[in-house]
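> Once you've had a glance at the structure underneath, I'll fire off some questions.
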Amino acid sequence: MNYTSCTLAMGVVALTLLSTAAFARQVITAASTQNSTEIASKNSASSNWQQSGSGLTQMVRGGVGLLQTPTARMLPAGSLTANYTDNEEYRFWSVSIQLFPWMETTARYTDIRTRLYSDDPGFSGDQTLKDKGIDVKLRLLAESRYLPQVAMGFNDFGGTGLFESEFIAVSKQLGPLDVHLGMGWGYLGTAANTANPFCSVRESFCNRPSETLGQGGKISYSKFFKGAASLFGGVEYQTPWQPLKLKLEYEGNDYSRDKAGDLIQDSRWNMGAVYQWRDVDFSLNYQRGNTLGFGVHYQLDLNTNDQPKIKPAMLPVASPRPQIAEFSDLNIILRQLLFNAGFYLKTSRMTDDEFILYGHQLYYRDDVEATERLARVVLTQLPSQIKRIRVIELSGNLTLVEKVIDVDAFARAAAYDQLQPDIRSTYIRQAPDPDIMALADVPYTTGLYTGMEIFWIQSFGNPENFYMYQGGVFLGAGYRFSENFSINTTAKLTLLENFDTFNFKVDAFNTPLPRVRTLVREYVTGSKFSMENTYAHWQRQLDTNWFVQAYGGYLETMFGGVGTEVLYRPVDSEFAFGFDLNYVRQRSFENNIDFFDYKTLTGHVNVYWQPSFLPDTRLTFNIGQFLAKDKGVNVDFAKRFDSGIIIGAYAAITNVSSEEYGEGSFTKGFYLSLPFDLFSVRPAKGRGRLPWVPIARDGGQPLNRPVKLIDMTESRSGFFN
């Protein structure tokens, strides 16, 4: 695509929409005598309501909008909305997430009631057809006093394309009215009620390709903004009764290409009402002049979502510090460090002006709170000559972080002697000083240890049942022989599942790739009690910022072998990098001990990047050879919110063609990582992960190594803490 031509065409669209919106604003403003200085005016209740994001409602298919048509509006960053809507032929389950102030994403499953999943009742019974889709909307221009908000979006891209479309939309707040206008292509433009402005720039934009790339799952860039176009728009009216909002829209779709069949459209005008009750919206709509629909929408703030905690009050700090000659009772500090600060002290040392603690943070994942609690405990008895507290945080035998606390500065901040006290400014985080580590012989625990974790495996869109699940517990045990070497094992006990309803174990696709993952049904249904892994593990810190490990045994459900990993990770650096190398063999699903003949060498160069221009975001690149001997890169994007919840997505692009890979064209997936303390009334570290993998096949599949250095050294950056 020619860049100049594309820019010119987008300019034509933007000018058309902006001029129309400006005209609408003049007409309505003249009639309403509204004299607001800007959309976010503090003197306007409706403006406050709009700016905060409360009151913004979801479309039928998910995402902020009217009914069938999107708008340029965006919820505040960190907003998550779960939606269910019912419109006769269609049912939609969707989740819309505002990742950044300028980016909205929506994932959706569509239940098409008029079609069966397949024609074979032995395969899928009487289940109706399910389809998945992903939308993204990008804000191009934020609303100001005179200019509207402008956004561009891509609906149902990279899939089967039931609702595949592109759009540009503008929105302007005019008192209680929010006015919207847009132009759509694809599904949103089938009515063809206007000329495609891109077509006048280049003839190739006049017709829209109809083919699906590969085996589905690929983004069809060649279709963008091509073919018929339609104008759409509408208004949202905030009634004087705050919970009620009314909608009216004119859509640009004529329903000539719907998967549900020939849908009769008596009118292109749709109307609806939304009643807001706390965090839940109840919607009712009338579409196409003949169809009644309803929906329920739940909104959650990923930044402020939290669980009230029962935890000890922070100890008071006096300023100026009282004169204390020496510790009166170290046992009191030892008990308070664990009870009040969640810090397990292994040993300590004192110099002329420093008090040094070596140990583990067990409960508090927030570094500032953990540090403040620890310092408050120590200051209750700290001798007056001590000017600095050094805290060495350990993970097993790895020394990860040293925090150096300025005692006087901390005392002033903790006693609120400052107008705006800032605890974080009173200490620095750095790599542990070798001289400080040499002062103490830190004891390491050896012997037997045990543990238990809950697991939950889920799968959506299966032919037997739309939602399938398996849950139970992992029972872990191990023996640590020294500070560097241990043996570990994990047993899997299934307590709850519906995997026994599988009608087939292996798909019929004639793939040239080895079956490294598509035999998963054989593995997960083999036994209620099985060995997940058993392996020997050795690890060591080579230098201040270098870590190494080696492992061997039954490494995961499907593979066993030997491997090694090296990681370079400075404290609080944007970058970390390393590599892993593994020689593995496929485990038998017939029992827990035997192996199949398939063997392979797999390994990657691993790069971890937390870019400063994308706050609270981590990008991971794994470049190398995967289990099926295909070569390429897996890219993982993770966004963390203030509550600790992390939303992630990944995709593996390898030298396997989409035809060889099969349905989906390449490996991709999404996940939700939840801190345990969101579900606990007491502080807790650790987290669980809920994955969503649309289609998992054999290409781009990594080894699920039982231990990863990036996880073991997490305290060095705190992203997943």
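Each chain of the structure tokens is named A, B, ... in the order shown, its residues numbered from 1; ligands are numbered from 1 in display order.
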Skip stretch 309-322 of chain A itself and residues of its chain fewer than 2 positions away, then list as a PyMOL selection string all residues within 9 Å of it, counting only C-alpha atoms.
chain A and resi 306-307+324+339-341+372-373+376-377+379-380+383-384+408+411-412+414-417+677+680-683
> Which residues, written as a list of chain:residue names, have at least one atom at most 9 Å from A:Leu495, with only C-alpha atoms counted and residues fewer than 5 positions away on the same chain left out?
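Listing them by chain and then by number gives A:Gln470, A:Gly471, A:Gly472, A:Val473, A:Lys528.
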> Going by DSSP on the backbone, which bits of stretch 301-525 of chain A are strand (DSSP E)? Write them as a PyMOL selection string, please.
chain A and resi 301+343-350+354-361+388-395+398-406+427-430+447-460+467-480+485-497
> As a list in words, please: the residues near stretch 233-242 of chain A (cut-off 8 Å, only C-alpha atoms, same-chain neighbours under 6 positions excluded).
Ser46, Leu66, Thr69, Pro176, Leu177, Asp178, Val179, His180, Leu181, Gly182, Leu248, Glu249, Tyr250 and Glu251 of chain A
> Let's have the selection written as a PDB file, in the first residue's frame, with N, CA and C atoms.

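Output file result07.pdb is given in full below:
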ATOM      1  N   SER A  46     -22.812  16.536  33.748  1.00  0.00           N
ATOM      2  CA  SER A  46     -22.774  15.581  32.647  1.00  0.00           C
ATOM      3  C   SER A  46     -21.375  15.443  32.103  1.00  0.00           C
ATOM      4  N   LEU A  66     -22.677   2.212  20.600  1.00  0.00           N
ATOM      5  CA  LEU A  66     -24.136   2.313  20.653  1.00  0.00           C
ATOM      6  C   LEU A  66     -24.730   0.910  20.747  1.00  0.00           C
ATOM      7  N   THR A  69     -23.190  -0.300  16.292  1.00  0.00           N
ATOM      8  CA  THR A  69     -22.142   0.572  15.752  1.00  0.00           C
ATOM      9  C   THR A  69     -21.225   1.076  16.856  1.00  0.00           C
ATOM     10  N   PRO A 176     -26.210  16.858  27.667  1.00  0.00           N
ATOM     11  CA  PRO A 176     -26.619  15.479  27.960  1.00  0.00           C
ATOM     12  C   PRO A 176     -26.584  14.574  26.737  1.00  0.00           C
ATOM     13  N   LEU A 177     -26.302  15.145  25.557  1.00  0.00           N
ATOM     14  CA  LEU A 177     -26.235  14.346  24.330  1.00  0.00           C
ATOM     15  C   LEU A 177     -24.788  14.026  23.982  1.00  0.00           C
ATOM     16  N   ASP A 178     -24.541  12.790  23.616  1.00  0.00           N
ATOM     17  CA  ASP A 178     -23.256  12.387  23.075  1.00  0.00           C
ATOM     18  C   ASP A 178     -23.517  11.978  21.629  1.00  0.00           C
ATOM     19  N   VAL A 179     -22.967  12.748  20.688  1.00  0.00           N
ATOM     20  CA  VAL A 179     -23.263  12.579  19.267  1.00  0.00           C
ATOM     21  C   VAL A 179     -22.129  11.799  18.611  1.00  0.00           C
ATOM     22  N   HIS A 180     -22.486  10.830  17.776  1.00  0.00           N
ATOM     23  CA  HIS A 180     -21.494   9.946  17.163  1.00  0.00           C
ATOM     24  C   HIS A 180     -21.749   9.837  15.661  1.00  0.00           C
ATOM     25  N   LEU A 181     -20.644   9.777  14.935  1.00  0.00           N
ATOM     26  CA  LEU A 181     -20.715   9.592  13.487  1.00  0.00           C
ATOM     27  C   LEU A 181     -19.524   8.755  13.070  1.00  0.00           C
ATOM     28  N   GLY A 182     -19.728   7.874  12.090  1.00  0.00           N
ATOM     29  CA  GLY A 182     -18.627   7.035  11.654  1.00  0.00           C
ATOM     30  C   GLY A 182     -18.786   6.544  10.241  1.00  0.00           C
ATOM     31  N   LEU A 248     -30.017   5.872  20.261  1.00  0.00           N
ATOM     32  CA  LEU A 248     -30.637   5.792  18.940  1.00  0.00           C
ATOM     33  C   LEU A 248     -29.517   5.776  17.913  1.00  0.00           C
ATOM     34  N   GLU A 249     -29.567   4.813  16.988  1.00  0.00           N
ATOM     35  CA  GLU A 249     -28.494   4.718  15.994  1.00  0.00           C
ATOM     36  C   GLU A 249     -29.058   4.397  14.615  1.00  0.00           C
ATOM     37  N   TYR A 250     -28.278   4.789  13.616  1.00  0.00           N
ATOM     38  CA  TYR A 250     -28.532   4.407  12.225  1.00  0.00           C
ATOM     39  C   TYR A 250     -27.324   3.598  11.797  1.00  0.00           C
ATOM     40  N   GLU A 251     -27.544   2.338  11.389  1.00  0.00           N
ATOM     41  CA  GLU A 251     -26.405   1.480  11.081  1.00  0.00           C
ATOM     42  C   GLU A 251     -26.191   1.327   9.581  1.00  0.00           C
TER      43      GLU A 251
END
> Restricting the calculation to only C-alpha atoms, which member of A:Gln541, A:Thr371, A:Ser165, A:Gln68 is positioned closest to A:Asp406?
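Residue with the minimum atom-to-atom distance to A:Asp406: A:Thr371.
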> Quick one: everything within 6 Å of A:Asp86, counting only C-alpha atoms, minus sequence neighbours fewer than 2 positions away in the same chain. Send it as number ranges by chain.
A: 91, 293-294
> Would you export the selected residues with C-alpha atoms as an mmCIF file, in the first residue's frame, please?

data_model
loop_
_atom_site.group_PDB
_atom_site.id
_atom_site.type_symbol
_atom_site.label_atom_id
_atom_site.label_comp_id
_atom_site.auth_asym_id
_atom_site.auth_seq_id
_atom_site.Cartn_x
_atom_site.Cartn_y
_atom_site.Cartn_z
ATOM 1 C CA ARG A 91 -25.840 -14.753 21.695
ATOM 2 C CA GLY A 293 -32.715 -8.006 22.503
ATOM 3 C CA PHE A 294 -31.310 -7.662 26.012
#
> When you count only C-alpha atoms, which of these residues is closest to A:Phe485: A:His537, A:Lys505, A:Arg515, A:Lys130?
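Looking at the shortest contact to A:Phe485, the residue is A:His537.
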> Considering only C-alpha atoms, state which residue in the set A:Ala536, A:Leu419, A:Val401, A:Ile487 is at the smallest distance from A:Thr713.
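Of the candidates, the smallest distance to A:Thr713 is held by A:Val401.
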